[in-house]
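Chemist: Below is the file final.cif, which contains mmCIF, C-alpha atoms.
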data_upload
#
loop_
_atom_site.label_atom_id
_atom_site.label_comp_id
_atom_site.auth_asym_id
_atom_site.auth_seq_id
_atom_site.Cartn_x
_atom_site.Cartn_y
_atom_site.Cartn_z
CA MET Y 1 14.18 -4.66 -7.01
CA THR Y 2 12.36 -3.16 -4.04
CA SER Y 3 12.47 -5.43 -1.00
CA LEU Y 4 9.34 -5.45 1.10
CA SER Y 5 11.48 -6.43 4.07
CA ALA Y 6 12.79 -2.85 3.97
CA LEU Y 7 9.24 -1.66 4.62
CA HIS Y 8 9.12 -3.71 7.80
CA GLU Y 9 12.41 -2.18 8.91
CA GLU Y 10 11.15 1.36 8.33
CA ASN Y 11 7.83 2.78 9.55
CA GLN Y 12 5.56 0.03 8.18
CA VAL Y 13 3.19 2.46 6.45
CA ILE Y 14 2.16 2.75 2.81
CA ALA Y 15 0.20 5.86 1.87
CA VAL Y 16 -2.56 5.02 -0.63
CA VAL Y 17 -3.59 8.00 -2.76
CA ARG Y 18 -7.03 7.89 -4.36
CA ALA Y 19 -7.54 11.54 -5.29
CA HIS Y 20 -9.01 12.10 -8.73
CA HIS Y 21 -6.56 14.93 -9.43
CA ILE Y 22 -2.99 15.33 -8.13
CA PRO Y 23 -1.40 18.74 -8.79
CA ASP Y 24 2.18 17.63 -8.02
CA ALA Y 25 2.92 13.96 -7.32
CA ALA Y 26 6.54 14.59 -6.36
CA ALA Y 27 5.55 17.30 -3.88
CA LEU Y 28 2.92 14.98 -2.40
CA CYS Y 29 5.50 12.23 -1.87
CA ALA Y 30 7.90 14.73 -0.33
CA ALA Y 31 5.19 15.89 2.10
CA LEU Y 32 4.48 12.31 3.11
CA ALA Y 33 8.19 11.57 3.56
CA GLU Y 34 8.57 14.61 5.77
CA GLY Y 35 5.85 13.14 7.96
CA GLY Y 36 7.62 9.78 8.10
CA ILE Y 37 5.92 7.85 5.28
CA GLY Y 38 8.40 6.89 2.58
CA TRP Y 39 6.21 4.49 0.55
CA THR Y 40 3.42 5.83 -1.65
CA GLU Y 41 0.90 3.87 -3.70
CA PHE Y 42 -0.87 5.69 -6.51
CA THR Y 43 -3.83 3.91 -8.05
CA TYR Y 44 -5.42 3.40 -11.42
CA THR Y 45 -8.54 5.13 -10.11
CA THR Y 46 -6.60 8.43 -10.46
CA THR Y 47 -6.58 10.26 -13.77
CA ASP Y 48 -3.19 10.19 -15.53
CA VAL Y 49 -1.72 7.94 -12.84
CA VAL Y 50 1.13 6.84 -15.12
CA ASP Y 51 2.31 10.43 -15.49
CA HIS Y 52 2.18 10.90 -11.71
CA LEU Y 53 4.21 7.74 -11.16
CA ARG Y 54 6.82 8.88 -13.63
CA ARG Y 55 7.22 12.32 -12.05
CA ALA Y 56 7.44 10.99 -8.51
CA ALA Y 57 9.86 8.21 -9.45
CA ARG Y 58 12.13 10.61 -11.33
CA ALA Y 59 12.25 12.76 -8.18
CA GLY Y 60 13.63 9.76 -6.30
CA HIS Y 61 10.55 8.72 -4.35
CA ARG Y 62 9.63 5.09 -3.70
CA VAL Y 63 6.30 4.65 -5.45
CA GLY Y 64 4.05 1.80 -6.48
CA VAL Y 65 0.80 1.48 -8.35
CA GLY Y 66 -2.39 -0.11 -7.07
CA THR Y 67 -5.81 -1.23 -8.27
CA VAL Y 68 -3.88 -3.14 -10.93
CA LEU Y 69 -6.33 -5.44 -12.70
CA THR Y 70 -4.53 -6.41 -15.92
CA ALA Y 71 -1.06 -7.34 -17.12
CA GLU Y 72 -1.11 -4.30 -19.41
CA GLN Y 73 -1.66 -2.00 -16.42
CA ALA Y 74 1.15 -3.75 -14.56
CA VAL Y 75 3.61 -3.24 -17.41
CA ARG Y 76 2.63 0.40 -17.87
CA GLY Y 77 3.12 1.04 -14.16
CA VAL Y 78 6.52 -0.60 -14.02
CA ASP Y 79 7.67 1.24 -17.15
CA ALA Y 80 6.67 4.50 -15.46
CA GLY Y 81 8.76 3.75 -12.39
CA ALA Y 82 6.54 1.75 -10.04
CA SER Y 83 8.74 -0.32 -7.75
CA PHE Y 84 5.87 -2.46 -6.46
CA LEU Y 85 2.40 -3.45 -7.66
CA VAL Y 86 -0.82 -3.85 -5.68
CA THR Y 87 -4.04 -5.64 -6.64
CA PRO Y 88 -7.43 -5.56 -4.90
CA GLY Y 89 -7.83 -9.32 -5.36
CA CYS Y 90 -6.19 -12.41 -6.83
CA ARG Y 91 -5.14 -11.56 -10.40
CA PRO Y 92 -3.04 -14.33 -12.04
CA GLU Y 93 -2.12 -12.29 -15.11
CA VAL Y 94 -0.83 -9.46 -12.93
CA ALA Y 95 1.20 -11.96 -10.93
CA ARG Y 96 2.84 -13.23 -14.13
CA ALA Y 97 3.61 -9.70 -15.28
CA ALA Y 98 5.13 -8.82 -11.91
CA GLN Y 99 7.34 -11.90 -11.99
CA GLU Y 100 8.50 -11.14 -15.52
CA ALA Y 101 9.34 -7.57 -14.52
CA GLY Y 102 11.05 -8.60 -11.28
CA VAL Y 103 8.82 -6.31 -9.24
CA PRO Y 104 7.23 -7.39 -5.94
CA LEU Y 105 3.47 -7.82 -5.90
CA VAL Y 106 1.17 -7.13 -2.97
CA MET Y 107 -1.93 -9.14 -3.83
CA GLY Y 108 -5.32 -8.50 -2.29
CA ALA Y 109 -7.18 -11.24 -0.41
CA LEU Y 110 -9.58 -11.67 2.49
CA THR Y 111 -10.24 -15.32 3.27
CA PRO Y 112 -7.67 -17.98 4.23
CA THR Y 113 -8.27 -19.66 0.87
CA GLU Y 114 -7.54 -16.42 -0.98
CA VAL Y 115 -4.38 -15.90 1.08
CA ALA Y 116 -3.16 -19.34 0.00
CA ARG Y 117 -4.05 -18.53 -3.61
CA ALA Y 118 -2.08 -15.27 -3.48
CA VAL Y 119 0.95 -17.06 -2.04
CA ASP Y 120 0.73 -19.75 -4.73
CA LEU Y 121 0.69 -17.01 -7.38
CA GLY Y 122 3.97 -15.63 -6.02
CA ALA Y 123 2.81 -12.59 -4.06
CA ALA Y 124 5.58 -11.00 -2.03
CA ALA Y 125 2.93 -9.91 0.49
CA VAL Y 126 -0.80 -10.35 0.87
CA LYS Y 127 -3.02 -7.32 1.39
CA ILE Y 128 -5.99 -8.16 3.60
CA PHE Y 129 -8.79 -6.01 2.23
CA PRO Y 130 -11.00 -4.71 3.61
CA ALA Y 131 -9.19 -5.08 6.94
CA ARG Y 132 -12.05 -3.36 8.75
CA ALA Y 133 -14.29 -6.33 7.95
CA PHE Y 134 -12.73 -8.50 10.67
CA GLY Y 135 -10.45 -6.14 12.59
CA PRO Y 136 -6.93 -6.49 14.02
CA GLY Y 137 -7.61 -9.84 15.71
CA TYR Y 138 -8.09 -11.45 12.30
CA PHE Y 139 -4.39 -10.94 11.59
CA LYS Y 140 -3.45 -12.93 14.68
CA ASP Y 141 -5.80 -15.69 13.50
CA LEU Y 142 -4.24 -15.75 10.01
CA ARG Y 143 -0.74 -15.98 11.42
CA GLY Y 144 -1.68 -19.36 12.90
CA PRO Y 145 -1.82 -21.23 9.57
CA TYR Y 146 0.33 -18.67 7.74
CA PRO Y 147 3.14 -17.66 10.14
CA ASP Y 148 5.55 -16.73 7.35
CA VAL Y 149 3.20 -14.81 5.06
CA ARG Y 150 3.69 -11.05 4.98
CA LEU Y 151 0.29 -9.52 5.67
CA VAL Y 152 -0.65 -5.91 4.94
CA ALA Y 153 -3.77 -4.29 6.43
CA SER Y 154 -5.76 -2.10 4.05
CA GLY Y 155 -9.22 -0.59 4.19
CA GLY Y 156 -10.50 1.13 7.30
CA VAL Y 157 -7.05 1.59 8.86
CA ASN Y 158 -6.58 4.88 10.71
CA ALA Y 159 -4.44 6.46 13.40
CA GLY Y 160 -6.72 5.01 16.06
CA ASN Y 161 -6.29 1.35 15.08
CA ALA Y 162 -3.10 1.10 13.00
CA ALA Y 163 -0.95 0.11 15.99
CA ASP Y 164 -3.37 -2.71 16.80
CA PHE Y 165 -3.08 -4.17 13.29
CA LEU Y 166 0.71 -4.09 13.55
CA ALA Y 167 0.69 -5.60 17.03
CA GLN Y 168 -1.52 -8.45 15.85
CA GLY Y 169 0.80 -9.48 13.03
CA ALA Y 170 0.51 -7.13 10.06
CA LEU Y 171 3.80 -6.44 8.28
CA ALA Y 172 2.50 -3.01 7.34
CA VAL Y 173 -0.63 -0.90 7.18
CA CYS Y 174 -2.07 1.24 4.41
CA ALA Y 175 -2.92 4.84 5.25
CA GLY Y 176 -5.70 6.15 3.05
CA THR Y 177 -8.04 9.07 3.63
CA ASP Y 178 -6.85 9.42 7.23
CA VAL Y 179 -3.58 10.78 5.82
CA VAL Y 180 -4.27 11.69 2.19
CA PRO Y 181 -7.90 12.85 1.96
CA PRO Y 182 -8.69 13.59 -1.70
CA ASP Y 183 -9.69 17.20 -1.04
CA ALA Y 184 -6.36 17.94 0.69
CA VAL Y 185 -4.40 16.28 -2.13
CA GLU Y 186 -6.31 18.11 -4.85
CA ALA Y 187 -5.81 21.41 -3.00
CA GLY Y 188 -2.07 20.80 -2.68
CA ASP Y 189 -2.23 21.07 1.12
CA TRP Y 190 1.22 19.59 1.59
CA SER Y 191 1.79 20.93 5.11
CA GLY Y 192 -1.54 19.47 6.23
CA ILE Y 193 -0.64 16.10 4.71
CA THR Y 194 2.72 16.17 6.48
CA ARG Y 195 0.92 16.77 9.79
CA ARG Y 196 -1.46 13.88 9.12
CA ALA Y 197 1.40 11.59 8.12
CA ARG Y 198 3.35 12.44 11.26
CA ALA Y 199 0.33 11.80 13.49
CA PHE Y 200 -0.26 8.46 11.79
CA THR Y 201 3.34 7.25 12.08
CA GLU Y 202 3.53 8.37 15.70
CA ALA Y 203 0.38 6.36 16.42
CA CYS Y 204 1.94 3.31 14.73
CA ALA Y 205 5.07 3.68 16.85
CA GLN Y 206 2.97 3.20 19.96
CA GLY Y 207 2.45 -0.40 18.92
CA ALA Y 208 6.12 -1.11 18.23
CA GLY Y 209 7.41 -4.08 20.14
CA ARG Y 210 4.00 -5.21 21.39
CA GLY Y 211 3.99 -8.21 19.10
CA VAL Y 212 1.31 -10.85 18.82
CA GLY Y 213 -0.09 -11.75 22.19
#
In structure tokens, how does this file's structure come out?
Modeler:
Amino acid sequence: MTSLSALHEENQVIAVVRAHHIPDAAALCAALAEGGIGWTEFTYTTTDVVDHLRRAARAGHRVGVGTVLTAEQAVRGVDAGASFLVTPGCRPEVARAAQEAGVPLVMGALTPTEVARAVDLGAAAVKIFPARAFGPGYFKDLRGPYPDVRLVASGGVNAGNAADFLAQGALAVCAGTDVVPPDAVEAGDWSGITRRARAFTEACAQGAGRGVG
């Protein structure tokens, strides 16, 4: 079982891929890893996502599947090699499927009530989405009532603000189009993606050790 605590010990970044077409999922994950991002989330908004998961997982990459809305999607993802699941909101049936499969779930939420709901459903971490709606300071506010909840920032996170989200209490941040723009993915621009990944992780490192002030 993938431990999300390992994410915190590494570079605290999950790349979220939303390209419609992916020419080589394993090569994409390798490009991200070369740039310092070892966790990749494919999503059900991508055509043939299950096949991409399978290829990347067989190549030894740590991959998960996101935009999971049903238990059936959760099971298909896990069977294809997903080592973690991600939802955009509170989805009880996905939570049950994740527990049955022994796979950690990152459940989407925004309000304090939704965070509590996600925790009650057994989420290993709670993805605050869209993080841009309230900004980095919101994570410091949430850590008041929820000091032990693992929070992940997603939506509107980029190299310019990622360090701030981490400094204000996020366990990890999701790198989307700032690192894996769909056109670059679909063109197989692996060297460009590596450069973007490296720039993003270097920006995150600037916030290391700043903590919640």
Chemist: Apply the PyMOL selection byres ((chain Y and resi 61) around 9) to the displayed file and report the matching residues as a PDB file with C-alpha atoms, in the coordinates of the input.
Modeler:
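So the final result, stored in part_15.pdb, reads:
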ATOM      1  CA  ALA Y  26       6.540  14.590  -6.360  1.00  0.00           C
ATOM      2  CA  CYS Y  29       5.500  12.230  -1.870  1.00  0.00           C
ATOM      3  CA  ALA Y  30       7.900  14.730  -0.330  1.00  0.00           C
ATOM      4  CA  ALA Y  33       8.190  11.570   3.560  1.00  0.00           C
ATOM      5  CA  GLY Y  38       8.400   6.890   2.580  1.00  0.00           C
ATOM      6  CA  TRP Y  39       6.210   4.490   0.550  1.00  0.00           C
ATOM      7  CA  THR Y  40       3.420   5.830  -1.650  1.00  0.00           C
ATOM      8  CA  ALA Y  56       7.440  10.990  -8.510  1.00  0.00           C
ATOM      9  CA  ALA Y  57       9.860   8.210  -9.450  1.00  0.00           C
ATOM     10  CA  ARG Y  58      12.130  10.610 -11.330  1.00  0.00           C
ATOM     11  CA  ALA Y  59      12.250  12.760  -8.180  1.00  0.00           C
ATOM     12  CA  GLY Y  60      13.630   9.760  -6.300  1.00  0.00           C
ATOM     13  CA  ARG Y  62       9.630   5.090  -3.700  1.00  0.00           C
ATOM     14  CA  VAL Y  63       6.300   4.650  -5.450  1.00  0.00           C
TER      15      VAL Y  63
END
Chemist: Could you give me, as a PyMOL selection string, the residues within 10 Å of Arg143 (chain Y), counting only C-alpha atoms and dropping anything in the same chain fewer than 6 positions from it?
Modeler: chain Y and resi 149-151+168-170+212
Chemist: For the structure shown, which residues end up in the PyMOL selection byres ((chain Y and resi 44) around 8)? Put them as an mmCIF file with C-alpha atoms, in the coordinates of the input, please?
Modeler:
data_model
loop_
_atom_site.group_PDB
_atom_site.id
_atom_site.type_symbol
_atom_site.label_atom_id
_atom_site.label_comp_id
_atom_site.auth_asym_id
_atom_site.auth_seq_id
_atom_site.Cartn_x
_atom_site.Cartn_y
_atom_site.Cartn_z
ATOM 1 C CA PHE Y 42 -0.870 5.690 -6.510
ATOM 2 C CA THR Y 43 -3.830 3.910 -8.050
ATOM 3 C CA THR Y 45 -8.540 5.130 -10.110
ATOM 4 C CA THR Y 46 -6.600 8.430 -10.460
ATOM 5 C CA THR Y 47 -6.580 10.260 -13.770
ATOM 6 C CA VAL Y 49 -1.720 7.940 -12.840
ATOM 7 C CA VAL Y 65 0.800 1.480 -8.350
ATOM 8 C CA GLY Y 66 -2.390 -0.110 -7.070
ATOM 9 C CA THR Y 67 -5.810 -1.230 -8.270
ATOM 10 C CA VAL Y 68 -3.880 -3.140 -10.930
#
Chemist: Rounded to one decimal place, report the CA of Gly89 (chain Y)-CA of Pro181 (chain Y) distance in Å.
Modeler: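 Distance reported for this atom pair: 23.3 Å.
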Chemist: Return as a list of chain:residue names the set of residues that the PyMOL selection byres ((chain Y and resi 101) around 10) yields on the displayed structure.
Modeler: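 Evaluating the PyMOL selection byres ((chain Y and resi 101) around 10) on this file yields Y:Met1, Y:Ala74, Y:Val75, Y:Val78, Y:Asp79, Y:Ser83, Y:Ala95, Y:Arg96, Y:Ala97, Y:Ala98, Y:Gln99, Y:Glu100, Y:Gly102, Y:Val103, Y:Pro104.
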Chemist: Which distance in Å separates CA of Pro130 (chain Y) and CA of Asp51 (chain Y), to one decimal?
Modeler: 27.8 Å
Chemist: Between Y:Val94, Y:Leu142, Y:Arg198, Y:Val180, which residue has the minimum interatomic distance to Glu41 (chain Y), considering only C-alpha atoms?
Modeler: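 Smallest separation from Glu41 (chain Y) among the options: Y:Val180.
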Chemist: Can you measure CA of Pro88 (chain Y) to CA of Leu32 (chain Y) for me? One decimal in Å is fine.
Modeler: 22.9 Å
Chemist: Just give me the residues with any atom within 9 Å of (-9.9, -10.5, 4.8), file coordinates, counting all atoms listed in the file, written as an MDAnalysis selection string.
Modeler: chainID Y and resid 108:112 114:115 127:135 138:139 153
Chemist: Choose the residue, out of Y:Phe84, Y:Phe200, Y:Tyr146, Y:Phe165, that has the smallest atom-to-atom separation from Thr177 (chain Y); count all atoms listed in the file.
Modeler: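 With all atoms listed in the file as the atom set, the closest residue is Y:Phe200.
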Chemist: Measuring atom to atom with all atoms listed in the file, identify which of Y:Cys174, Y:Ala80, Y:Leu121, Y:Cys204 is nearest to Arg54 (chain Y).
Modeler: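 Between Y:Cys174, Y:Ala80, Y:Leu121, Y:Cys204, the residue approaching Arg54 (chain Y) most closely is Y:Ala80.
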Chemist: Have a look at Y:Ala205, Y:Asp141, Y:Leu53, Y:Ala116 and name the one nearest to Asn11 (chain Y); count all atoms listed in the file.
Modeler: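 Among the listed residues, the smallest separation from Asn11 (chain Y) belongs to Y:Ala205.
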Chemist: For region 146-155 of chain Y, I'd like the enclosing box, axis-aligned and padded by 4 Å on every side, reported as lines of an AutoDock Vina configuration file with centre and edge lengths in Å to one decimal.
Modeler:
center_x = -1.8
center_y = -9.6
center_z = 7.1
size_x = 22.8
size_y = 26.1
size_z = 14.1
Chemist: Kindly reconstruct region 51-62 of chain Y with all heavy atoms and present the result as an mmCIF file, keeping the file's coordinate frame.
Modeler:
data_model
loop_
_atom_site.group_PDB
_atom_site.id
_atom_site.type_symbol
_atom_site.label_atom_id
_atom_site.label_comp_id
_atom_site.auth_asym_id
_atom_site.auth_seq_id
_atom_site.Cartn_x
_atom_site.Cartn_y
_atom_site.Cartn_z
ATOM 1 N N ASP Y 51 1.513 9.203 -15.495
ATOM 2 C CA ASP Y 51 2.310 10.430 -15.490
ATOM 3 C C ASP Y 51 2.741 10.787 -14.065
ATOM 4 O O ASP Y 51 3.876 11.218 -13.841
ATOM 5 C CB ASP Y 51 1.516 11.585 -16.086
ATOM 6 C CG ASP Y 51 1.289 11.429 -17.583
ATOM 7 O OD1 ASP Y 51 2.103 10.736 -18.230
ATOM 8 O OD2 ASP Y 51 0.304 11.980 -18.093
ATOM 9 N N HIS Y 52 1.842 10.603 -13.098
ATOM 10 C CA HIS Y 52 2.180 10.900 -11.710
ATOM 11 C C HIS Y 52 3.270 9.973 -11.200
ATOM 12 O O HIS Y 52 4.197 10.403 -10.502
ATOM 13 C CB HIS Y 52 0.939 10.782 -10.825
ATOM 14 C CG HIS Y 52 -0.147 11.753 -11.167
ATOM 15 N ND1 HIS Y 52 0.094 13.098 -11.369
ATOM 16 C CD2 HIS Y 52 -1.485 11.588 -11.359
ATOM 17 C CE1 HIS Y 52 -1.039 13.715 -11.659
ATOM 18 N NE2 HIS Y 52 -2.004 12.822 -11.661
ATOM 19 N N LEU Y 53 3.168 8.707 -11.548
ATOM 20 C CA LEU Y 53 4.210 7.740 -11.160
ATOM 21 C C LEU Y 53 5.562 8.167 -11.709
ATOM 22 O O LEU Y 53 6.567 8.158 -10.996
ATOM 23 C CB LEU Y 53 3.860 6.354 -11.708
ATOM 24 C CG LEU Y 53 2.827 5.513 -10.968
ATOM 25 C CD1 LEU Y 53 2.434 4.326 -11.824
ATOM 26 C CD2 LEU Y 53 3.417 5.028 -9.639
ATOM 27 N N ARG Y 54 5.569 8.526 -12.971
ATOM 28 C CA ARG Y 54 6.820 8.880 -13.630
ATOM 29 C C ARG Y 54 7.476 10.097 -12.963
ATOM 30 O O ARG Y 54 8.686 10.085 -12.687
ATOM 31 C CB ARG Y 54 6.560 9.154 -15.118
ATOM 32 C CG ARG Y 54 7.824 9.391 -15.932
ATOM 33 C CD ARG Y 54 7.515 9.499 -17.405
ATOM 34 N NE ARG Y 54 7.075 8.230 -17.959
ATOM 35 C CZ ARG Y 54 5.845 7.960 -18.368
ATOM 36 N NH1 ARG Y 54 4.903 8.896 -18.279
ATOM 37 N NH2 ARG Y 54 5.529 6.780 -18.864
ATOM 38 N N ARG Y 55 6.676 11.113 -12.670
ATOM 39 C CA ARG Y 55 7.220 12.320 -12.050
ATOM 40 C C ARG Y 55 7.759 12.045 -10.648
ATOM 41 O O ARG Y 55 8.836 12.508 -10.277
ATOM 42 C CB ARG Y 55 6.146 13.405 -11.989
ATOM 43 C CG ARG Y 55 5.709 13.942 -13.348
ATOM 44 C CD ARG Y 55 4.817 15.161 -13.212
ATOM 45 N NE ARG Y 55 4.311 15.608 -14.501
ATOM 46 C CZ ARG Y 55 3.107 15.330 -14.970
ATOM 47 N NH1 ARG Y 55 2.265 14.629 -14.226
ATOM 48 N NH2 ARG Y 55 2.721 15.771 -16.156
ATOM 49 N N ALA Y 56 7.014 11.286 -9.873
ATOM 50 C CA ALA Y 56 7.440 10.990 -8.510
ATOM 51 C C ALA Y 56 8.676 10.094 -8.497
ATOM 52 O O ALA Y 56 9.604 10.296 -7.698
ATOM 53 C CB ALA Y 56 6.303 10.345 -7.732
ATOM 54 N N ALA Y 57 8.710 9.112 -9.384
ATOM 55 C CA ALA Y 57 9.860 8.210 -9.450
ATOM 56 C C ALA Y 57 11.117 8.939 -9.887
ATOM 57 O O ALA Y 57 12.208 8.720 -9.349
ATOM 58 C CB ALA Y 57 9.554 7.045 -10.392
ATOM 59 N N ARG Y 58 10.973 9.848 -10.858
ATOM 60 C CA ARG Y 58 12.130 10.610 -11.330
ATOM 61 C C ARG Y 58 12.676 11.525 -10.238
ATOM 62 O O ARG Y 58 13.870 11.849 -10.226
ATOM 63 C CB ARG Y 58 11.743 11.429 -12.554
ATOM 64 C CG ARG Y 58 11.606 10.595 -13.828
ATOM 65 C CD ARG Y 58 11.140 11.450 -15.000
ATOM 66 N NE ARG Y 58 11.082 10.673 -16.239
ATOM 67 C CZ ARG Y 58 10.580 11.116 -17.372
ATOM 68 N NH1 ARG Y 58 10.070 12.349 -17.435
ATOM 69 N NH2 ARG Y 58 10.561 10.344 -18.453
ATOM 70 N N ALA Y 59 11.810 11.914 -9.303
ATOM 71 C CA ALA Y 59 12.250 12.760 -8.180
ATOM 72 C C ALA Y 59 12.885 11.940 -7.070
ATOM 73 O O ALA Y 59 13.328 12.505 -6.056
ATOM 74 C CB ALA Y 59 11.071 13.553 -7.639
ATOM 75 N N GLY Y 60 12.936 10.622 -7.258
ATOM 76 C CA GLY Y 60 13.630 9.760 -6.300
ATOM 77 C C GLY Y 60 12.754 9.156 -5.222
ATOM 78 O O GLY Y 60 13.271 8.567 -4.272
ATOM 79 N N HIS Y 61 11.445 9.265 -5.371
ATOM 80 C CA HIS Y 61 10.550 8.720 -4.350
ATOM 81 C C HIS Y 61 10.235 7.250 -4.641
ATOM 82 O O HIS Y 61 10.234 6.814 -5.790
ATOM 83 C CB HIS Y 61 9.260 9.535 -4.292
ATOM 84 C CG HIS Y 61 9.480 10.961 -3.896
ATOM 85 N ND1 HIS Y 61 9.852 11.328 -2.619
ATOM 86 C CD2 HIS Y 61 9.414 12.112 -4.618
ATOM 87 C CE1 HIS Y 61 9.987 12.642 -2.565
ATOM 88 N NE2 HIS Y 61 9.733 13.141 -3.755
ATOM 89 N N ARG Y 62 9.948 6.512 -3.566
ATOM 90 C CA ARG Y 62 9.630 5.090 -3.700
ATOM 91 C C ARG Y 62 8.116 4.977 -3.885
ATOM 92 O O ARG Y 62 7.343 5.180 -2.956
ATOM 93 C CB ARG Y 62 10.084 4.332 -2.466
ATOM 94 C CG ARG Y 62 9.915 2.839 -2.567
ATOM 95 C CD ARG Y 62 10.880 2.086 -1.676
ATOM 96 N NE ARG Y 62 11.098 2.756 -0.404
ATOM 97 C CZ ARG Y 62 12.072 2.438 0.449
ATOM 98 N NH1 ARG Y 62 12.932 1.496 0.133
ATOM 99 N NH2 ARG Y 62 12.212 3.055 1.597
#
